[in-house]
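Undergrad: Just final_0.csv, nothing more (CSV, C-alpha atoms and all ligand atoms):
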```csv
chain,number,residue,atom,x,y,z
A,1,MET,CA,4.7,-16.8,11.0
A,2,HIS,CA,5.3,-13.9,8.6
A,3,SER,CA,7.3,-10.9,9.8
A,4,VAL,CA,6.3,-7.9,7.9
A,5,LEU,CA,7.9,-4.4,7.9
A,6,MET,CA,5.7,-2.0,6.1
A,7,ASP,CA,6.2,1.5,4.7
A,8,VAL,CA,3.0,3.4,4.0
A,9,ASP,CA,1.4,6.7,3.2
A,10,THR,CA,-1.9,6.0,4.9
A,11,GLY,CA,-4.1,6.5,2.8
A,12,ILE,CA,-7.5,4.7,2.6
A,13,ASP,CA,-6.2,1.6,0.9
A,14,ASP,CA,-3.1,1.6,3.1
A,15,ALA,CA,-5.4,1.6,6.1
A,16,LEU,CA,-7.2,-1.5,4.7
A,17,ALA,CA,-3.8,-3.1,4.1
A,18,LEU,CA,-2.8,-2.4,7.7
A,19,VAL,CA,-6.0,-3.6,9.2
A,20,TYR,CA,-5.8,-6.8,7.1
A,21,LEU,CA,-2.3,-7.6,8.3
A,22,LEU,CA,-3.4,-6.9,11.9
A,23,SER,CA,-6.3,-9.3,11.4
A,24,ARG,CA,-4.0,-12.2,10.4
A,25,PRO,CA,-3.0,-14.4,13.3
A,26,ASP,CA,0.1,-15.6,11.4
A,27,VAL,CA,1.5,-12.1,10.8
A,28,ARG,CA,3.9,-10.2,13.1
A,29,LEU,CA,4.2,-6.5,12.2
A,30,GLN,CA,7.8,-5.7,12.9
A,31,ALA,CA,7.2,-1.9,12.6
A,32,ILE,CA,5.4,0.6,10.4
A,33,THR,CA,7.4,3.4,8.7
A,34,CYS,CA,5.7,6.4,7.3
A,35,THR,CA,6.3,8.3,4.1
A,36,ALA,CA,4.7,11.4,2.9
A,37,GLY,CA,2.4,10.8,0.0
A,38,ASN,CA,-1.4,10.7,0.2
A,39,VAL,CA,-1.0,13.0,3.2
A,40,GLY,CA,2.0,14.4,5.1
A,41,ALA,CA,4.2,11.9,7.0
A,42,ARG,CA,3.2,13.0,10.4
A,43,GLN,CA,-0.5,12.6,9.6
A,44,VAL,CA,0.3,9.2,8.1
A,45,ALA,CA,1.9,8.3,11.5
A,46,LEU,CA,-1.1,9.5,13.5
A,47,ASN,CA,-3.4,7.5,11.2
A,48,ASN,CA,-1.4,4.3,11.7
A,49,LEU,CA,-1.2,4.8,15.5
A,50,ALA,CA,-5.0,5.4,15.6
A,51,LEU,CA,-5.7,2.4,13.5
A,52,LEU,CA,-3.5,0.2,15.7
A,53,GLU,CA,-5.5,1.3,18.7
A,54,LEU,CA,-8.8,0.8,16.9
A,55,CYS,CA,-7.7,-2.8,16.2
A,56,GLY,CA,-6.7,-3.4,19.7
A,57,THR,CA,-3.0,-3.8,18.8
A,58,PRO,CA,-1.1,-0.8,20.2
A,59,GLY,CA,2.6,-1.3,20.8
A,60,VAL,CA,3.7,-1.7,17.1
A,61,GLU,CA,6.4,0.8,16.5
A,62,VAL,CA,5.4,3.7,14.1
A,63,ALA,CA,8.3,5.7,12.8
A,64,ILE,CA,8.7,8.7,10.5
A,65,GLY,CA,11.4,9.1,7.9
A,66,ALA,CA,11.8,11.5,5.1
A,67,GLU,CA,9.0,14.1,5.0
A,68,VAL,CA,9.7,15.1,1.4
A,69,PRO,CA,10.7,13.3,-1.7
A,70,LEU,CA,14.4,13.0,-2.7
A,71,GLU,CA,14.6,15.7,-5.3
A,72,ILE,CA,11.2,17.2,-6.0
A,73,PRO,CA,8.7,19.1,-3.9
A,74,LEU,CA,6.1,17.1,-2.1
A,75,VAL,CA,2.6,16.8,-3.5
A,76,THR,CA,-0.2,15.3,-1.4
A,77,THR,CA,-3.7,14.2,-2.4
A,78,GLU,CA,-6.3,15.0,0.2
A,79,GLU,CA,-8.9,15.1,-2.6
A,80,THR,CA,-8.3,11.3,-3.1
A,81,HIS,CA,-8.0,10.2,0.5
A,82,GLY,CA,-9.8,12.9,2.6
A,83,PRO,CA,-8.5,15.7,4.8
A,84,GLN,CA,-6.7,13.2,7.2
A,85,GLY,CA,-6.0,10.5,4.7
A,86,ILE,CA,-8.7,8.1,5.8
A,87,GLY,CA,-11.7,9.4,3.9
A,88,TYR,CA,-14.7,10.4,6.0
A,89,ALA,CA,-13.4,8.3,9.0
A,90,GLU,CA,-12.4,10.3,12.0
A,91,LEU,CA,-10.4,8.5,14.6
A,92,PRO,CA,-9.7,9.9,18.1
A,93,PRO,CA,-6.1,11.2,18.6
A,94,PRO,CA,-3.9,8.2,19.4
A,95,ALA,CA,-2.5,7.7,22.9
A,96,GLY,CA,0.6,6.1,21.4
A,97,ARG,CA,3.7,8.1,20.4
A,98,ILE,CA,5.6,8.3,17.2
A,99,SER,CA,8.9,6.4,17.6
A,100,ASP,CA,12.2,8.2,18.2
A,101,ARG,CA,13.8,6.1,15.6
A,102,HIS,CA,14.1,7.4,12.0
A,103,ALA,CA,12.4,5.1,9.4
A,104,VAL,CA,15.7,4.5,7.7
A,105,ASP,CA,17.2,3.2,11.0
A,106,VAL,CA,14.2,1.0,11.5
A,107,TRP,CA,14.6,-0.7,8.1
A,108,VAL,CA,18.4,-1.1,8.4
A,109,ASP,CA,18.5,-2.2,12.0
A,110,GLU,CA,15.6,-4.6,11.8
A,111,ALA,CA,16.9,-6.2,8.6
A,112,ARG,CA,20.3,-6.7,10.1
A,113,LYS,CA,18.9,-8.0,13.3
A,114,HIS,CA,16.7,-10.6,11.5
A,115,PRO,CA,18.5,-11.5,8.3
A,116,GLY,CA,16.4,-13.4,5.8
A,117,GLU,CA,13.3,-13.2,8.0
A,118,ILE,CA,11.5,-10.0,7.2
A,119,THR,CA,9.2,-9.3,4.2
A,120,GLY,CA,9.1,-5.7,3.3
A,121,LEU,CA,5.9,-4.2,2.1
A,122,ILE,CA,5.8,-0.7,0.6
A,123,THR,CA,2.5,0.9,-0.3
A,124,GLY,CA,3.6,4.5,-0.6
A,125,PRO,CA,6.3,6.4,-2.4
A,126,LEU,CA,9.7,4.7,-2.2
A,127,THR,CA,11.6,7.6,-0.4
A,128,ASN,CA,12.4,5.9,2.9
A,129,PHE,CA,13.4,2.6,1.2
A,130,ALA,CA,15.7,4.4,-1.3
A,131,LEU,CA,17.4,6.1,1.7
A,132,ALA,CA,17.7,2.8,3.5
A,133,LEU,CA,19.3,1.2,0.5
A,134,ARG,CA,21.9,4.1,0.3
A,135,ARG,CA,22.8,3.2,3.9
A,136,GLU,CA,22.7,-0.5,3.6
A,137,PRO,CA,23.1,-1.7,-0.1
A,138,ASP,CA,22.8,-5.3,1.1
A,139,LEU,CA,19.2,-4.7,2.2
A,140,PRO,CA,17.7,-6.8,-0.6
A,141,ARG,CA,19.7,-9.8,0.6
A,142,LEU,CA,18.9,-9.1,4.2
A,143,LEU,CA,15.2,-9.1,3.6
A,144,LYS,CA,13.3,-12.3,3.0
A,145,GLY,CA,11.5,-10.5,0.1
A,146,LEU,CA,9.9,-7.3,-0.9
A,147,VAL,CA,6.5,-6.4,-2.3
A,148,ILE,CA,5.9,-2.9,-3.8
A,149,MET,CA,2.6,-1.3,-4.8
A,150,GLY,CA,3.6,1.1,-7.6
A,151,GLY,CA,3.9,1.8,-11.2
A,152,CYS,CA,1.9,0.9,-14.3
A,153,PHE,CA,3.3,-1.0,-17.3
A,154,TYR,CA,1.8,-0.3,-20.7
A,155,TYR,CA,-1.3,0.8,-18.9
A,156,GLN,CA,-2.8,4.3,-18.2
A,157,GLY,CA,-1.5,6.1,-15.1
A,158,ASN,CA,-3.6,7.5,-12.3
A,159,THR,CA,-1.6,10.6,-11.7
A,160,THR,CA,-0.3,11.6,-15.2
A,161,PRO,CA,-1.4,9.8,-18.3
A,162,THR,CA,1.6,7.5,-17.9
A,163,ALA,CA,2.5,7.6,-14.2
A,164,GLU,CA,1.2,5.9,-11.1
A,165,TRP,CA,0.9,7.9,-7.8
A,166,ASN,CA,3.5,6.3,-5.6
A,167,VAL,CA,6.2,6.5,-8.3
A,168,SER,CA,5.0,9.9,-9.4
A,169,VAL,CA,5.4,11.4,-5.9
A,170,ASP,CA,9.1,10.3,-5.8
A,171,PRO,CA,10.3,9.0,-9.2
A,172,HIS,CA,14.0,9.4,-8.2
A,173,ALA,CA,13.5,7.1,-5.2
A,174,ALA,CA,11.7,4.5,-7.4
A,175,LYS,CA,14.5,4.7,-9.9
A,176,GLU,CA,17.2,4.1,-7.2
A,177,VAL,CA,15.3,1.2,-5.7
A,178,PHE,CA,14.9,-0.6,-9.1
A,179,ALA,CA,18.6,0.1,-9.9
A,180,ALA,CA,19.6,-1.5,-6.6
A,181,TYR,CA,17.8,-4.8,-7.4
A,182,ARG,CA,19.5,-5.3,-10.8
A,183,GLY,CA,21.2,-8.7,-11.0
A,184,LEU,CA,20.0,-10.1,-7.7
A,185,PRO,CA,18.6,-13.7,-7.5
A,186,GLU,CA,15.1,-14.1,-8.7
A,187,ASP,CA,13.6,-14.9,-5.3
A,188,LYS,CA,15.0,-11.6,-3.9
A,189,LEU,CA,13.5,-9.4,-6.7
A,190,PRO,CA,10.6,-7.2,-5.6
A,191,VAL,CA,7.1,-8.4,-6.5
A,192,VAL,CA,5.6,-5.3,-8.1
A,193,CYS,CA,1.8,-4.8,-7.8
A,194,ALA,CA,1.1,-2.2,-10.5
A,195,LEU,CA,-2.1,-0.5,-11.6
A,196,GLU,CA,-2.9,-2.9,-14.4
A,197,THR,CA,-3.6,-5.6,-11.8
A,198,THR,CA,-4.4,-3.6,-8.7
A,199,GLU,CA,-7.2,-1.7,-10.4
A,200,LEU,CA,-8.9,-5.1,-10.8
A,201,ILE,CA,-9.2,-5.2,-7.0
A,202,GLU,CA,-12.3,-3.2,-7.2
A,203,MET,CA,-14.2,-2.9,-3.9
A,204,ARG,CA,-18.0,-2.5,-4.4
A,205,PRO,CA,-20.9,-1.8,-2.0
A,206,GLU,CA,-21.7,-5.5,-1.7
A,207,HIS,CA,-18.2,-6.1,-0.3
A,208,LEU,CA,-18.9,-3.7,2.6
A,209,GLN,CA,-22.2,-5.5,3.2
A,210,ARG,CA,-20.4,-8.8,3.3
A,211,LEU,CA,-17.8,-7.3,5.7
A,212,ALA,CA,-20.5,-6.3,8.1
A,213,GLU,CA,-22.1,-9.8,7.9
A,214,ALA,CA,-18.7,-11.4,8.6
A,215,ALA,CA,-18.3,-9.0,11.5
A,216,GLY,CA,-21.7,-10.2,12.8
A,217,THR,CA,-23.1,-6.7,12.9
A,218,GLY,CA,-26.1,-5.0,11.2
A,219,PRO,CA,-26.3,-4.3,7.5
A,220,GLU,CA,-23.8,-1.8,6.1
A,221,LEU,CA,-25.3,0.1,3.2
A,222,VAL,CA,-23.0,2.3,1.2
A,223,LEU,CA,-24.9,3.0,-1.9
A,224,PRO,CA,-24.5,5.2,-5.0
A,225,GLY,CA,-27.9,6.9,-4.5
A,226,GLN,CA,-27.1,8.1,-0.9
A,227,PRO,CA,-26.1,11.7,-0.2
A,228,GLU,CA,-22.4,12.2,-0.4
A,229,GLY,CA,-20.6,12.2,3.0
A,230,LEU,CA,-23.2,10.1,4.8
A,231,ARG,CA,-21.6,8.4,7.9
A,232,SER,CA,-21.9,4.8,9.0
A,233,SER,CA,-24.3,4.0,11.9
A,234,SER,CA,-22.7,0.6,12.5
A,235,GLY,CA,-22.3,-0.3,16.1
A,236,ASN,CA,-19.0,-2.0,15.2
A,237,PRO,CA,-16.2,0.6,15.3
A,238,LEU,CA,-14.0,-1.1,12.8
A,239,VAL,CA,-16.8,-1.7,10.3
A,240,ALA,CA,-17.8,2.0,10.8
A,241,CYS,CA,-14.3,3.3,10.2
A,242,LEU,CA,-13.7,1.2,7.1
A,243,SER,CA,-17.1,2.0,5.7
A,244,ASP,CA,-16.6,5.8,6.2
A,245,ALA,CA,-13.1,5.6,4.7
A,246,ILE,CA,-14.2,3.6,1.7
A,247,ARG,CA,-17.4,5.6,1.0
A,248,PHE,CA,-15.1,8.6,0.4
A,249,TYR,CA,-12.9,6.5,-1.9
A,250,MET,CA,-15.9,5.3,-3.9
A,251,GLU,CA,-17.2,8.9,-4.3
A,252,PHE,CA,-13.7,9.9,-5.5
A,253,HIS,CA,-13.6,7.0,-8.1
A,254,ARG,CA,-17.1,8.0,-9.3
A,255,LEU,CA,-15.9,11.6,-9.8
A,256,TYR,CA,-13.3,10.3,-12.2
A,257,ASP,CA,-15.8,8.2,-14.1
A,258,GLN,CA,-14.7,4.9,-12.7
A,259,GLY,CA,-18.0,4.0,-11.2
A,260,TYR,CA,-19.1,3.7,-7.5
A,261,VAL,CA,-16.1,1.4,-6.7
A,262,ALA,CA,-12.8,1.7,-4.9
A,263,HIS,CA,-9.5,0.3,-6.1
A,264,VAL,CA,-7.9,-1.1,-3.0
A,265,HIS,CA,-4.4,-1.4,-4.5
A,266,ASP,CA,-2.5,-1.6,-1.2
A,267,ALA,CA,-4.7,-4.3,0.3
A,268,PHE,CA,-3.9,-6.6,-2.6
A,269,ALA,CA,-0.2,-5.9,-2.1
A,270,ALA,CA,-0.6,-6.9,1.6
A,271,CYS,CA,-2.3,-10.2,0.7
A,272,VAL,CA,0.6,-10.8,-1.7
A,273,ALA,CA,3.2,-10.1,1.0
A,274,VAL,CA,1.8,-12.8,3.3
A,275,GLY,CA,1.1,-15.3,0.5
A,276,ARG,CA,-2.7,-15.2,0.9
A,277,THR,CA,-3.8,-14.4,-2.6
A,278,GLU,CA,-3.3,-15.9,-6.0
A,279,TYR,CA,-1.2,-14.2,-8.6
A,280,THR,CA,1.3,-14.8,-11.4
A,281,ALA,CA,4.3,-12.6,-12.1
A,282,ARG,CA,6.6,-11.9,-15.0
A,283,LEU,CA,10.3,-11.1,-14.7
A,284,ALA,CA,11.3,-7.8,-16.1
A,285,THR,CA,13.9,-5.1,-16.1
A,286,VAL,CA,12.2,-1.9,-14.8
A,287,ASP,CA,13.4,1.7,-15.0
A,288,VAL,CA,11.8,5.0,-14.2
A,289,GLU,CA,11.8,8.1,-16.3
A,290,THR,CA,13.1,11.1,-14.3
A,291,GLY,CA,14.3,13.4,-17.0
A,292,SER,CA,11.4,14.2,-19.2
A,293,PRO,CA,8.7,16.7,-18.0
A,294,LEU,CA,6.2,14.9,-20.2
A,295,LEU,CA,6.9,11.4,-18.9
A,296,MET,CA,8.2,12.1,-15.4
A,297,GLY,CA,7.5,9.0,-13.2
A,298,THR,CA,6.7,6.7,-16.0
A,299,THR,CA,7.7,3.1,-15.3
A,300,VAL,CA,9.0,1.1,-18.2
A,301,ALA,CA,9.3,-2.7,-18.2
A,302,ASP,CA,11.7,-4.5,-20.5
A,303,TYR,CA,10.1,-8.0,-20.7
A,304,ARG,CA,12.3,-9.1,-23.6
A,305,GLY,CA,15.8,-8.2,-22.5
A,306,LEU,CA,16.0,-5.5,-25.2
A,307,TRP,CA,18.2,-3.4,-22.9
A,308,GLY,CA,20.5,-6.3,-22.3
A,309,LEU,CA,20.2,-5.7,-18.5
A,310,PRO,CA,19.4,-8.4,-15.9
A,311,PRO,CA,15.9,-8.4,-14.5
A,312,ASN,CA,15.2,-6.4,-11.3
A,313,ALA,CA,11.5,-7.0,-10.7
A,314,ARG,CA,8.7,-9.6,-10.8
A,315,ILE,CA,5.7,-7.7,-12.1
A,316,VAL,CA,2.3,-9.1,-11.2
A,317,ALA,CA,0.7,-10.3,-14.4
A,318,SER,CA,-2.6,-11.7,-13.2
A,319,ASN,CA,-4.5,-11.9,-10.0
A,320,ASN,CA,-7.8,-13.3,-8.6
A,321,PRO,CA,-10.0,-10.4,-7.3
A,322,LYS,CA,-12.7,-12.7,-6.0
A,323,GLN,CA,-10.4,-14.8,-4.0
A,324,CYS,CA,-8.6,-11.7,-2.8
A,325,PHE,CA,-11.9,-10.1,-1.5
A,326,ASP,CA,-12.9,-13.3,0.1
A,327,GLU,CA,-9.6,-13.3,2.0
A,328,LEU,CA,-9.9,-9.6,3.0
A,329,ILE,CA,-13.5,-9.8,4.0
A,330,ASN,CA,-13.2,-13.1,6.0
A,331,SER,CA,-10.1,-12.0,7.8
A,332,VAL,CA,-11.0,-8.4,8.6
A,333,GLY,CA,-14.6,-9.4,9.4
A,334,ALA,CA,-13.3,-11.9,12.0
A,335,LEU,CA,-11.2,-9.2,13.6
A,336,ALA,CA,-14.1,-6.8,13.7
A,337,ARG,CA,-16.2,-9.5,15.3
A,338,ARG,CA,-13.5,-10.1,17.9
A,339,LEU,CA,-13.4,-6.3,18.7
A,340,ALA,CA,-17.2,-5.9,19.1
A,401,LIG,C1,-1.4,4.1,-4.8
A,401,LIG,O1,-1.5,5.5,-4.7
A,401,LIG,C2,-2.1,5.8,-3.4
A,401,LIG,O2,-3.0,6.9,-3.5
A,401,LIG,C3,-2.8,4.5,-2.9
A,401,LIG,O3,-2.7,4.5,-1.5
A,401,LIG,C4,-1.9,3.5,-3.6
A,401,LIG,O4,-0.8,3.1,-2.8
A,401,LIG,C5,-2.2,3.7,-6.1
A,401,LIG,O5,-1.7,4.4,-7.2
A,402,CA,CA,-0.7,4.0,-0.5
```
Once you've parsed the file, please lay out its structure as structure tokens.
Ligand code: BDR
Ligand code: CA

TA:
Amino acid sequence: MHSVLMDVDTGIDDALALVYLLSRPDVRLQAITCTAGNVGARQVALNNLALLELCGTPGVEVAIGAEVPLEIPLVTTEETHGPQGIGYAELPPPAGRISDRHAVDVWVDEARKHPGEITGLITGPLTNFALALRREPDLPRLLKGLVIMGGCFYYQGNTTPTAEWNVSVDPHAAKEVFAAYRGLPEDKLPVVCALETTELIEMRPEHLQRLAEAAGTGPELVLPGQPEGLRSSSGNPLVACLSDAIRFYMEFHRLYDQGYVAHVHDAFAACVAVGRTEYTARLATVDVETGSPLLMGTTVADYRGLWGLPPNARIVASNNPKQCFDELINSVGALARRLA
């Protein structure tokens, strides 16, 4: 059984990551903490609660932490993820309540309570986790491991020419997190899923069709020629939700000349966290630029030891998109089938 504690900024691909983890019988979600990023933290929490209910798994704790980055004003990106963060999907207001615990307390308390058992998964800005590390510097040793979606290394950014979104929203937090991991044993170093490999996890219309097939429901057609904003008519609520969310993401990617596809970065990171997808990783010393207006949020990897500093990250160097989509589609499709 994998115990996972996730911190998210849900987010279309965060939503897919969450649904995927809920679909796995061998995953126990310890809690979900929410960081402002794609949308504000409260909206992130409402999205998570609504998704838990949609998937028939209410009762997982959803907690909010910092509602703004450590040192710079918050920027959100409704144009990328839709007005509520889940594209065109609209979920009913959740019956569940946001936890009374602060996200930082959740991370620190859960890690202390279950030393060596919990895998952390962070698919949003690193604000909450940086604050948790300030409170409990031993967090890296208390966790079983950590997977981060963030950064880009010698690869074009998606927010500035050199910076990736999650790091860009809170570069100071990312810098603190990488600094905290310097010199730790290799198996404790975060596995970093950065744009150069997460952009290979490119969801296409055929993947949604296969998802509907796996769910045992009618054909799901999300096609480039259709009018923008069309909604799914699927009788399966989970397929309809994911289809409406991902249609929005595909339209966004097309707007930025990337084709009618959706990069589902966070879903890949979720598969990595529970050991269900193939990848290789390279040890590196990572740092984040926070001083230069031009390069703010740029992640730099020293692969050669040129800085003379110990490694603090394992950066994913290769992955297997086909195998990853097979895993996502089969597992989420089976959950959708169970829910019908
Ligand atoms: C990351 O930014 C967000 O918009 C996505 O959810 C993902 O976590 C990709 O840069
Ligand atoms: Ca995210």

Undergrad: I want to know what sits within 9 Å of Asn236 (chain A), based on all atoms listed in the file, with residues of the same chain fewer than 5 positions away left out; could you give that as a list in words?

TA: Ala212, Ala215, Gly216, Thr217, Gly218, Cys241, Ala336, Arg337, Leu339 and Ala340 of chain A

Undergrad: Please list, as number ranges by chain, the residues that have an atom at most 8 Å away from (4.5, 5.4, 2.9) in the coordinates of this file, counting only C-alpha atoms.

TA: A: 7-10, 33-37, 41, 44, 122-126, 128

Undergrad: For the residues selected in the previous step, produce a file with C-alpha atoms as a PDB file, in the frame of the given file.

TA:
```pdb
ATOM      1  CA  ASP A   7       6.200   1.500   4.700  1.00  0.00           C
ATOM      2  CA  VAL A   8       3.000   3.400   4.000  1.00  0.00           C
ATOM      3  CA  ASP A   9       1.400   6.700   3.200  1.00  0.00           C
ATOM      4  CA  THR A  10      -1.900   6.000   4.900  1.00  0.00           C
ATOM      5  CA  THR A  33       7.400   3.400   8.700  1.00  0.00           C
ATOM      6  CA  CYS A  34       5.700   6.400   7.300  1.00  0.00           C
ATOM      7  CA  THR A  35       6.300   8.300   4.100  1.00  0.00           C
ATOM      8  CA  ALA A  36       4.700  11.400   2.900  1.00  0.00           C
ATOM      9  CA  GLY A  37       2.400  10.800   0.000  1.00  0.00           C
ATOM     10  CA  ALA A  41       4.200  11.900   7.000  1.00  0.00           C
ATOM     11  CA  VAL A  44       0.300   9.200   8.100  1.00  0.00           C
ATOM     12  CA  ILE A 122       5.800  -0.700   0.600  1.00  0.00           C
ATOM     13  CA  THR A 123       2.500   0.900  -0.300  1.00  0.00           C
ATOM     14  CA  GLY A 124       3.600   4.500  -0.600  1.00  0.00           C
ATOM     15  CA  PRO A 125       6.300   6.400  -2.400  1.00  0.00           C
ATOM     16  CA  LEU A 126       9.700   4.700  -2.200  1.00  0.00           C
ATOM     17  CA  ASN A 128      12.400   5.900   2.900  1.00  0.00           C
TER      18      ASN A 128
END
```

Undergrad: Could you give me, as a list in words, the residues within 6 Å of Thr280 (chain A), counting only C-alpha atoms and dropping anything in the same chain fewer than 3 positions from it?

TA: Val316, Ala317 and Ser318 of chain A

Undergrad: Write as an MDAnalysis selection string the residues around ligand LIG 401 (chain A), taking 9 Å as the cut-off and counting all atoms listed in the file.

TA: chainID A and resid 8:15 37:38 77 80:81 122:125 149:152 157:159 163:168 194:195 198:199 263:267

Undergrad: Show me, as a list in words, the residues that have an atom within 10 Å of Tyr20 (chain A) when counting all atoms listed in the file, minus same-chain residues fewer than 4 positions from it.

TA: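 The residues that qualify are Asp14, Ala15, Leu16, Arg24, Val27, Ala267, Phe268, Ala270, Cys271, Glu327, Leu328, Ile329, Asn330, Ser331, Val332, Gly333 and Leu335 of chain A.
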
Undergrad: Need to verify the contact set: Pro311 (chain A), 7 Å, only C-alpha atoms, exclusion of same-chain residues closer than 4 positions in sequence. Can you return it as JSON, numbers by chain?

TA: {"A": [182, 183, 283, 284, 285]}

Undergrad: Would you please work out which residue, of A:Ser233, A:Thr76, A:Thr119, A:Ser99, is nearest to ligand CA 402 (chain A) when using all atoms listed in the file?

TA: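 For ligand CA 402 (chain A), the nearest of the candidates is A:Thr76.
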
Undergrad: For each of A:Leu238, A:Val60, A:Val4, A:Val169, take the minimum atom-to-atom distance to ligand CA 402 (chain A), counting all atoms listed in the file, then give the residue where this is smallest.

TA: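 Nearest to ligand CA 402 (chain A): A:Val169.
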
Undergrad: In Å, with one decimal, what is the gap from CA of Tyr154 (chain A) to CA of Val68 (chain A)?

TA: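 Taking CA of Tyr154 (chain A) and CA of Val68 (chain A), their separation equals 28.1 Å.
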